[in-house]
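File shown: final37.txt. Contents: compact mmCIF, C-alpha atoms.
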```txt
# COMPACT_ATOMS: atom_id res chain seq x y z
CA MET A 1 -226.41 30.85 6.12
CA ARG A 2 -227.32 27.21 6.06
CA ASP A 3 -228.64 25.35 9.04
CA GLY A 4 -226.76 22.45 10.51
CA PHE A 5 -225.59 23.81 13.84
CA GLU A 6 -225.98 21.35 16.65
CA GLU A 7 -228.50 22.52 19.18
CA ALA A 8 -227.31 24.42 22.22
CA TYR A 9 -226.74 22.57 25.45
CA GLU A 10 -230.05 21.01 26.46
CA GLN A 11 -231.28 20.42 29.99
CA ALA A 12 -234.53 18.73 28.93
CA PRO A 13 -234.97 15.45 27.03
CA ARG A 14 -235.91 15.65 23.38
CA PRO A 15 -239.56 15.08 22.56
CA LYS A 16 -240.45 11.70 21.12
CA LEU A 17 -241.25 12.59 17.54
CA SER A 18 -242.39 9.91 15.12
CA TYR A 19 -240.96 9.42 11.66
CA PRO A 20 -243.28 7.49 9.33
CA PHE A 21 -240.68 6.93 6.59
CA GLU A 22 -237.84 4.54 7.30
CA HIS A 23 -235.62 5.87 4.51
CA GLY A 24 -235.43 9.01 2.42
CA PRO A 25 -235.34 9.09 -1.40
CA GLU A 26 -232.12 8.57 -3.29
CA THR A 27 -230.97 11.23 -5.75
CA GLY A 28 -233.37 11.32 -8.68
CA GLN A 29 -235.95 9.20 -6.89
CA ALA A 30 -239.14 10.28 -5.12
CA ILE A 31 -241.27 8.98 -2.26
CA ASP A 32 -245.04 9.48 -2.23
CA ILE A 33 -245.95 11.46 0.87
CA ALA A 34 -249.68 11.87 0.20
CA PRO A 35 -251.92 11.79 -2.90
CA GLY A 36 -250.19 13.97 -5.48
CA VAL A 37 -247.30 14.99 -3.19
CA LYS A 38 -243.76 13.63 -3.62
CA TRP A 39 -240.60 13.95 -1.53
CA LEU A 40 -237.27 14.44 -3.33
CA ARG A 41 -233.79 15.32 -2.15
CA MET A 42 -231.18 17.58 -3.72
CA PRO A 43 -227.47 17.26 -2.84
CA LEU A 44 -225.80 19.84 -0.61
CA GLY A 45 -222.55 18.36 0.62
CA GLY A 46 -221.22 19.18 4.07
CA SER A 47 -222.82 18.02 7.30
CA LEU A 48 -226.38 18.31 6.00
CA ALA A 49 -225.72 16.32 2.80
CA PHE A 50 -229.06 17.19 1.18
CA ILE A 51 -232.13 19.40 1.24
CA ASN A 52 -235.67 18.12 0.93
CA VAL A 53 -237.78 19.50 -1.90
CA TRP A 54 -241.41 18.74 -2.70
CA ALA A 55 -243.36 18.17 -5.89
CA ILE A 56 -247.14 18.69 -5.88
CA GLU A 57 -249.02 17.37 -8.89
CA GLU A 58 -251.45 19.77 -10.53
CA GLU A 59 -253.01 20.26 -13.94
CA GLY A 60 -250.25 20.47 -16.53
CA GLY A 61 -247.37 19.21 -14.41
CA TRP A 62 -245.70 19.79 -11.05
CA ALA A 63 -245.60 22.67 -8.60
CA ILE A 64 -242.18 22.54 -6.93
CA VAL A 65 -241.50 23.74 -3.39
CA ASP A 66 -237.84 24.72 -2.84
CA THR A 67 -235.14 23.97 -5.37
CA GLY A 68 -231.72 23.10 -3.93
CA MET A 69 -228.40 24.88 -4.17
CA GLY A 70 -227.42 26.36 -7.50
CA GLY A 71 -224.79 24.39 -9.40
CA PRO A 72 -224.17 21.49 -11.79
CA ASP A 73 -224.69 18.75 -9.18
CA THR A 74 -228.20 19.97 -8.39
CA GLN A 75 -228.95 20.52 -12.06
CA GLN A 76 -228.02 16.93 -12.78
CA ALA A 77 -230.13 15.72 -9.86
CA TRP A 78 -233.16 17.59 -11.19
CA ARG A 79 -232.67 16.14 -14.69
CA LYS A 80 -232.52 12.67 -13.19
CA ALA A 81 -235.64 13.34 -11.11
CA PHE A 82 -237.63 14.51 -14.12
CA ALA A 83 -236.59 11.47 -16.13
CA GLU A 84 -237.04 8.83 -13.43
CA SER A 85 -239.66 10.11 -10.98
CA LEU A 86 -241.67 12.99 -12.41
CA GLY A 87 -242.57 11.50 -15.77
CA ASN A 88 -240.78 14.26 -17.70
CA ARG A 89 -243.78 16.47 -17.03
CA PRO A 90 -243.13 20.21 -16.86
CA VAL A 91 -242.92 22.45 -13.81
CA THR A 92 -245.99 24.69 -13.60
CA ARG A 93 -244.64 27.04 -10.90
CA VAL A 94 -241.91 27.22 -8.29
CA PHE A 95 -242.61 28.01 -4.65
CA VAL A 96 -239.66 29.04 -2.49
CA THR A 97 -239.94 29.18 1.29
CA HIS A 98 -237.09 31.67 1.71
CA MET A 99 -234.03 33.21 0.16
CA HIS A 100 -231.15 31.05 1.38
CA PRO A 101 -229.23 29.52 -1.55
CA ASP A 102 -230.06 25.90 -0.70
CA HIS A 103 -233.74 26.81 -1.11
CA ILE A 104 -233.76 29.33 -3.95
CA GLY A 105 -230.52 28.40 -5.71
CA MET A 106 -232.09 26.64 -8.71
CA ALA A 107 -235.25 28.76 -8.95
CA GLY A 108 -233.90 30.75 -11.87
CA TRP A 109 -232.94 27.60 -13.76
CA LEU A 110 -236.33 25.92 -13.22
CA THR A 111 -238.43 28.98 -14.02
CA ARG A 112 -236.51 29.69 -17.21
CA LYS A 113 -236.41 26.06 -18.32
CA PHE A 114 -240.18 25.70 -17.96
CA GLN A 115 -241.25 29.31 -18.55
CA CYS A 116 -243.09 29.45 -15.24
CA ARG A 117 -243.37 31.86 -12.33
CA LEU A 118 -241.53 32.04 -9.02
CA TRP A 119 -243.85 32.34 -5.99
CA ILE A 120 -242.15 33.86 -2.92
CA THR A 121 -242.72 36.55 -0.29
CA ARG A 122 -241.61 40.03 -1.25
CA LEU A 123 -238.97 40.52 1.45
CA GLU A 124 -237.32 37.19 0.65
CA PHE A 125 -237.09 38.04 -3.05
CA LEU A 126 -235.72 41.54 -2.47
CA MET A 127 -233.27 40.46 0.23
CA CYS A 128 -231.95 37.70 -2.00
CA ARG A 129 -231.34 40.15 -4.84
CA SER A 130 -229.61 42.53 -2.43
CA LEU A 131 -227.24 39.88 -1.10
CA ALA A 132 -226.55 38.50 -4.55
CA ALA A 133 -225.41 41.99 -5.58
CA ASP A 134 -222.52 41.70 -3.09
CA THR A 135 -220.88 38.99 -5.20
CA GLY A 136 -217.31 40.03 -5.98
CA ARG A 137 -217.50 43.12 -3.78
CA GLU A 138 -214.93 43.88 -1.09
CA ALA A 139 -216.05 43.51 2.52
CA PRO A 140 -217.47 46.87 3.66
CA ALA A 141 -216.02 48.74 6.62
CA ASP A 142 -219.35 48.50 8.47
CA ALA A 143 -219.17 44.70 8.41
CA LEU A 144 -215.56 44.60 9.58
CA ASN A 145 -216.37 46.97 12.44
CA PHE A 146 -219.39 44.83 13.33
CA TYR A 147 -217.32 41.67 13.74
CA ARG A 148 -214.46 43.52 15.44
CA ALA A 149 -217.02 44.78 17.95
CA ALA A 150 -218.11 41.17 18.55
CA GLY A 151 -214.57 40.22 19.53
CA TRP A 152 -213.01 38.87 16.33
CA ASP A 153 -209.23 39.04 16.02
CA GLU A 154 -207.37 40.19 12.93
CA GLU A 155 -206.98 36.66 11.55
CA ALA A 156 -210.74 36.10 11.67
CA LEU A 157 -211.36 39.46 10.01
CA GLU A 158 -208.90 38.60 7.25
CA ASN A 159 -210.69 35.29 6.63
CA TYR A 160 -213.97 37.22 6.42
CA ARG A 161 -212.48 39.61 3.86
CA ALA A 162 -211.33 36.68 1.74
CA LYS A 163 -214.72 34.94 1.78
CA PHE A 164 -216.99 37.98 1.50
CA GLY A 165 -219.37 38.14 -1.44
CA GLY A 166 -219.90 34.41 -1.79
CA PHE A 167 -223.68 34.39 -1.36
CA GLY A 168 -224.42 34.75 -5.06
CA ARG A 169 -222.17 31.84 -6.00
CA GLY A 170 -224.83 29.45 -4.72
CA LEU A 171 -227.49 30.91 -7.00
CA HIS A 172 -228.46 30.34 -10.59
CA ALA A 173 -229.35 33.79 -11.94
CA LEU A 174 -232.54 34.82 -10.19
CA PRO A 175 -235.79 35.28 -12.09
CA ASP A 176 -236.53 38.90 -12.95
CA SER A 177 -240.08 38.75 -11.60
CA PHE A 178 -242.12 36.88 -9.02
CA ARG A 179 -245.62 36.25 -7.71
CA ARG A 180 -245.97 37.51 -4.16
CA LEU A 181 -246.94 35.23 -1.28
CA ASN A 182 -248.65 36.82 1.74
CA ASP A 183 -249.40 35.48 5.18
CA GLY A 184 -252.88 33.97 5.20
CA ASP A 185 -253.09 33.47 1.42
CA GLN A 186 -255.13 30.44 0.38
CA ILE A 187 -253.77 28.99 -2.85
CA GLU A 188 -255.16 26.10 -4.84
CA ILE A 189 -252.45 23.61 -5.77
CA GLY A 190 -253.46 20.31 -7.30
CA GLY A 191 -257.13 20.88 -6.56
CA ARG A 192 -256.54 21.39 -2.82
CA THR A 193 -256.23 24.54 -0.73
CA TRP A 194 -252.82 25.33 0.75
CA ARG A 195 -252.54 28.14 3.30
CA ILE A 196 -249.48 30.36 3.57
CA VAL A 197 -248.07 30.74 7.08
CA VAL A 198 -245.32 33.38 7.23
CA GLY A 199 -242.68 33.54 9.94
CA SER A 200 -239.47 35.42 10.61
CA GLY A 201 -236.26 35.19 12.60
CA HIS A 202 -234.42 32.61 10.53
CA SER A 203 -235.06 34.77 7.48
CA PRO A 204 -237.08 37.96 6.98
CA GLU A 205 -240.40 36.62 5.64
CA HIS A 206 -240.26 32.82 5.52
CA ALA A 207 -243.29 31.13 3.92
CA CYS A 208 -244.58 27.75 5.11
CA LEU A 209 -247.35 25.89 3.24
CA TRP A 210 -250.13 24.10 5.12
CA CYS A 211 -252.77 21.87 3.53
CA PRO A 212 -255.53 21.10 6.06
CA GLU A 213 -257.15 18.49 3.80
CA LEU A 214 -253.97 16.43 3.47
CA LYS A 215 -252.76 17.33 6.98
CA LEU A 216 -249.38 18.38 5.60
CA PHE A 217 -247.22 21.28 6.75
CA ILE A 218 -244.22 22.22 4.58
CA SER A 219 -242.12 23.95 7.21
CA GLY A 220 -238.97 24.87 5.28
CA ASP A 221 -236.39 25.89 7.89
CA GLN A 222 -238.94 27.35 10.30
CA VAL A 223 -239.36 24.07 12.20
CA LEU A 224 -236.75 21.31 11.90
CA PRO A 225 -236.87 18.03 13.84
CA LYS A 226 -233.23 17.47 14.84
CA ILE A 227 -231.39 20.76 14.45
CA SER A 228 -232.27 24.27 15.49
CA SER A 229 -232.62 26.81 12.69
CA ASN A 230 -229.86 29.40 12.58
CA VAL A 231 -231.16 32.68 14.01
CA SER A 232 -228.54 35.38 13.56
CA VAL A 233 -227.83 39.09 13.68
CA PHE A 234 -225.94 40.34 10.62
CA PRO A 235 -223.95 43.52 9.88
CA THR A 236 -226.80 44.89 7.76
CA GLU A 237 -229.05 45.17 10.85
CA PRO A 238 -226.79 45.13 13.91
CA ASP A 239 -229.55 46.08 16.34
CA GLY A 240 -232.08 43.56 15.03
CA ASP A 241 -233.85 41.13 17.38
CA PRO A 242 -234.45 38.05 15.21
CA LEU A 243 -234.60 35.65 18.17
CA THR A 244 -237.69 37.36 19.57
CA GLU A 245 -239.21 37.27 16.08
CA TRP A 246 -238.45 33.57 15.74
CA LEU A 247 -239.81 32.61 19.15
CA THR A 248 -242.95 34.66 18.47
CA THR A 249 -243.38 32.93 15.12
CA LEU A 250 -243.08 29.49 16.69
CA GLU A 251 -245.79 30.33 19.20
CA ALA A 252 -248.00 31.62 16.38
CA ILE A 253 -247.51 28.47 14.30
CA LYS A 254 -248.46 26.34 17.30
CA GLY A 255 -251.66 28.35 17.61
CA ARG A 256 -252.55 28.23 13.91
CA VAL A 257 -251.45 24.79 12.71
CA PRO A 258 -252.92 21.69 14.40
CA ASP A 259 -250.70 19.05 15.95
CA ASP A 260 -251.97 16.23 13.71
CA VAL A 261 -250.09 17.42 10.60
CA LEU A 262 -247.18 15.59 9.03
CA VAL A 263 -244.36 18.13 9.04
CA LEU A 264 -242.30 18.26 5.84
CA PRO A 265 -239.04 20.00 6.86
CA ALA A 266 -236.21 21.18 4.64
CA HIS A 267 -233.69 19.02 6.50
CA ASN A 268 -233.90 15.61 8.18
CA ALA A 269 -237.06 13.51 7.66
CA PRO A 270 -240.83 14.17 7.74
CA PHE A 271 -242.20 13.82 11.25
CA HIS A 272 -245.23 13.94 13.51
CA GLY A 273 -245.08 15.98 16.70
CA LEU A 274 -245.14 19.63 15.58
CA HIS A 275 -246.27 21.12 18.89
CA ALA A 276 -243.86 19.09 21.00
CA ARG A 277 -240.99 20.10 18.74
CA ILE A 278 -241.98 23.77 18.93
CA ASP A 279 -242.11 23.59 22.73
CA HIS A 280 -238.67 21.98 22.76
CA LEU A 281 -237.18 24.62 20.47
CA ILE A 282 -238.61 27.49 22.50
CA GLY A 283 -237.55 25.89 25.76
CA GLY A 284 -234.01 25.29 24.50
CA HIS A 285 -233.53 28.92 23.56
CA GLU A 286 -235.05 30.16 26.80
CA ARG A 287 -232.62 27.96 28.73
CA GLY A 288 -229.80 29.34 26.60
CA LEU A 289 -230.89 32.88 27.46
CA THR A 290 -230.90 31.97 31.15
CA ARG A 291 -227.36 30.58 30.94
CA LEU A 292 -226.22 33.63 29.01
CA ARG A 293 -227.72 36.03 31.53
CA ALA A 294 -225.85 34.22 34.31
CA LEU A 295 -222.60 34.50 32.32
CA LEU A 296 -223.02 38.26 32.09
CA VAL A 297 -222.47 38.76 35.81
CA GLU A 298 -219.08 39.93 34.49
CA PRO A 299 -218.79 41.88 31.20
CA LYS A 300 -218.45 39.63 28.15
CA ARG A 301 -218.08 40.00 24.39
CA ALA A 302 -220.28 38.17 21.87
CA VAL A 303 -217.55 35.59 21.25
CA ASP A 304 -217.35 34.85 24.97
CA ALA A 305 -220.91 33.51 24.87
CA PHE A 306 -220.05 30.46 22.74
CA PRO A 307 -219.46 27.98 25.61
CA VAL A 308 -222.93 28.49 27.11
CA LEU A 309 -224.78 28.45 23.76
CA PHE A 310 -223.07 25.71 21.73
CA ARG A 311 -221.74 22.26 22.46
CA ARG A 312 -219.28 22.10 19.59
CA LYS A 313 -215.95 23.78 19.13
CA ILE A 314 -216.31 27.01 17.18
CA ASP A 315 -213.73 27.03 14.40
CA GLU A 316 -213.25 29.35 11.45
CA TRP A 317 -215.88 27.49 9.40
CA VAL A 318 -218.74 28.26 11.78
CA LEU A 319 -217.42 31.40 13.48
CA GLY A 320 -219.71 33.72 11.52
CA MET A 321 -222.82 31.67 12.23
CA ALA A 322 -221.95 31.28 15.91
CA THR A 323 -221.28 35.00 16.28
CA GLY A 324 -224.59 35.84 14.63
CA GLU A 325 -226.46 33.48 16.97
CA SER A 326 -224.68 34.83 20.04
CA LEU A 327 -225.61 38.37 19.04
CA ALA A 328 -229.21 37.28 18.48
CA HIS A 329 -229.35 36.01 22.07
CA LEU A 330 -227.62 39.12 23.41
CA ASN A 331 -229.92 41.47 21.49
CA CYS A 332 -232.89 39.53 22.83
CA LEU A 333 -231.68 40.12 26.40
CA LEU A 334 -231.15 43.80 25.58
CA ALA A 335 -234.71 44.06 24.25
CA ARG A 336 -236.05 42.40 27.42
CA GLY A 337 -234.15 44.87 29.58
CA GLU A 338 -232.08 42.04 31.08
CA ALA A 339 -228.70 43.21 29.76
CA VAL A 340 -226.86 46.40 28.89
CA LYS A 341 -223.88 47.03 26.64
CA GLU A 342 -220.93 49.40 26.44
CA THR A 343 -218.35 50.01 23.73
CA ASP A 344 -214.70 50.40 24.71
CA SER A 345 -212.08 52.63 23.11
CA ALA A 346 -211.09 49.85 20.67
CA GLY A 347 -214.66 49.56 19.35
CA VAL A 348 -215.35 46.25 21.13
CA VAL A 349 -218.82 45.85 22.66
CA TRP A 350 -219.11 44.43 26.19
CA TYR A 351 -222.36 43.07 27.60
CA ARG A 352 -223.35 42.65 31.23
CA ALA A 353 -226.48 41.71 33.09
CA ALA A 354 -228.77 44.62 33.95
CA ALA A 355 -228.76 45.58 37.60
```

Target format structure tokens, applied to this file:
Amino acid sequence: MRDGFEEAYEQAPRPKLSYPFEHGPETGQAIDIAPGVKWLRMPLGGSLAFINVWAIEEEGGWAIVDTGMGGPDTQQAWRKAFAESLGNRPVTRVFVTHMHPDHIGMAGWLTRKFQCRLWITRLEFLMCRSLAADTGREAPADALNFYRAAGWDEEALENYRAKFGGFGRGLHALPDSFRRLNDGDQIEIGGRTWRIVVGSGHSPEHACLWCPELKLFISGDQVLPKISSNVSVFPTEPDGDPLTEWLTTLEAIKGRVPDDVLVLPAHNAPFHGLHARIDHLIGGHERGLTRLRALLVEPKRAVDAFPVLFRRKIDEWVLGMATGESLAHLNCLLARGEAVKETDSAGVVWYRAAA
């Protein structure tokens, strides 16, 4: 569920974003972004290496935005950060943009350690609890049928069975309660107003935080500068259309948040150029949809879409994410009336361009 996929084949040059910080913080260290706002990194491993988290100073301590993956490495990084960069002051509350483990993984540890509240949208909290409940469970028949329909072979299905139920392993035990964030909320943090901007597509009810006074926009995974957020269809909602939701959200953010903000993303570095980046992301996916529609002149399965959507080889480590993204593009074409689908006698779904 993490990001990190290289962007799909691009026909247009990347926008010239500007990055005001030459280097990011080392583990345990912090960089001052604006008055009372600090940038920290928590280790992830893998291609992304780290996730950005943010500390906002307020009366009594620090409001934290996003927490890192659950586990001893992140716990140690937080202890080091409190000792070396945050003055051993307590956490007053924890904001989480969305429910993926690299964002919410340490929320339970921080809220229990400092006896403070988790602030998150309702759907993100409930979806996280639902997925965490799958830990240790066998892969359900619905999920196996879903991936078989997408074109997976028996080896891929067996790998899925072996790995199923791993979501909760990236989480410290979740808090038992939360404070709900809603789109349009105006929340005072550190004596300044931060507005909640909710999007969907990458996750069900992703919260971004925008401070007009400081001209800061904490974008989470909703807008990233160098990689495209994973937008996938999953077995729990096989007919969902998250790509349309994501593209609609990006357009809405462009209309609500001015271009002069400094974007604080979950991955890569803070940057200027929000609107140009949004245009590039939307354009890239629209070009991908055009290529996919051309491919469907002959019937294709979801796995047959990989070459026109991704520029890397799809191996067993990214097969699930690639399949989810392919299905998101296919479901978007179905919703637009530009494709149709049929299921064969083996339960495999075939897509073709609408006449």

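With only C-alpha atoms as the atoms that count, the residue of A:Glu26, A:Glu245, A:Asp142, A:Glu342 with the shortest distance to Ala77 of chain A is A:Glu26.
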
Requested in this report: Could you tell me which of A:Asn88, A:Asn52, A:Ser18, A:Thr323 comes closest to Asp304 of chain A if we count only C-alpha atoms?
Outcome: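 Answer, going by the shortest atom-to-atom distance: A:Thr323.
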
Report task. Point out the residue among A:Trp194, A:Phe306, A:Tyr19, A:Phe164 with the least atom-to-atom distance to Leu144 of chain A, counting all atoms listed in the file. Result ->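 That would be A:Phe164, the residue with the smallest distance to Leu144 of chain A.
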
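Put simply, atom CA of Tyr160 of chain A is 15.5 Å away from atom CA of Leu131 of chain A.
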
Report task. Return the single residue from A:Arg179, A:His272, A:Arg79, A:Arg148 that is closest to Val94 of chain A, with distances computed using only C-alpha atoms. Result ->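 Among A:Arg179, A:His272, A:Arg79, A:Arg148, it is A:Arg179 that comes nearest to Val94 of chain A.
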
Query raised in the report: Can you list, as a PyMOL selection string, every protein, DNA or RNA residue that comes within 9 Å of Lys300 of chain A when you count only C-alpha atoms, leaving out same-chain residues fewer than 6 positions away?
Result: chain A and resi 349-352

Query raised in the report: Can you tell me, as number ranges by chain, what residues are no more than 9 Å from Gln186 of chain A when counting all atoms listed in the file, ignoring any on the same chain fewer than 5 positions away?
Result: A: 193-196

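Proximity to Gly170 of chain A was assessed for A:Asp73, A:Glu286, A:Glu154, A:Glu205 counting all atoms listed in the file; the smallest distance is recorded for A:Asp73.
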
Query - Residue among A:Ile56, A:Leu44, A:Leu118, A:Leu224 lying closest to Phe271 of chain A, counting all atoms listed in the file - result: A:Leu224

Requested in this report: For Thr290 of chain A, work out the shell of residues within 12 Å, counting all atoms listed in the file and skipping chain neighbours fewer than 4 positions away, then give it as a VMD selection string.
Outcome: chain A and resid 9 to 11 283 to 286 294 to 297 305 308 to 309 329 to 330 332 to 333 338 to 339 353

Report task. Figure out the distance between atom CA of Ala207 of chain A and atom CA of Ile120 of chain A, please, to one decimal in Å. Result -> 7.5 Å

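Atom CA of Ile51 of chain A is positioned 17.5 Å from atom CA of Arg169 of chain A.
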
Requested in this report: Using all atoms listed in the file, determine which residues lie at most 10 Å from Val348 of chain A, disregarding the query and same-chain residues fewer than 2 positions distant; provide the list as a ChimeraX atom specification.
Outcome: /A:145-152,301-302,342-346,350

Requested in this report: Quick one: everything within 7 Å of Ile64 of chain A, counting only C-alpha atoms, minus sequence neighbours fewer than 6 positions away in the same chain. Send it as a list of chain:residue names.
Outcome: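 My reading of the contact set: A:Trp54, A:Ala55, A:Ile56, A:Val91, A:Arg93, A:Val94, A:Phe95.
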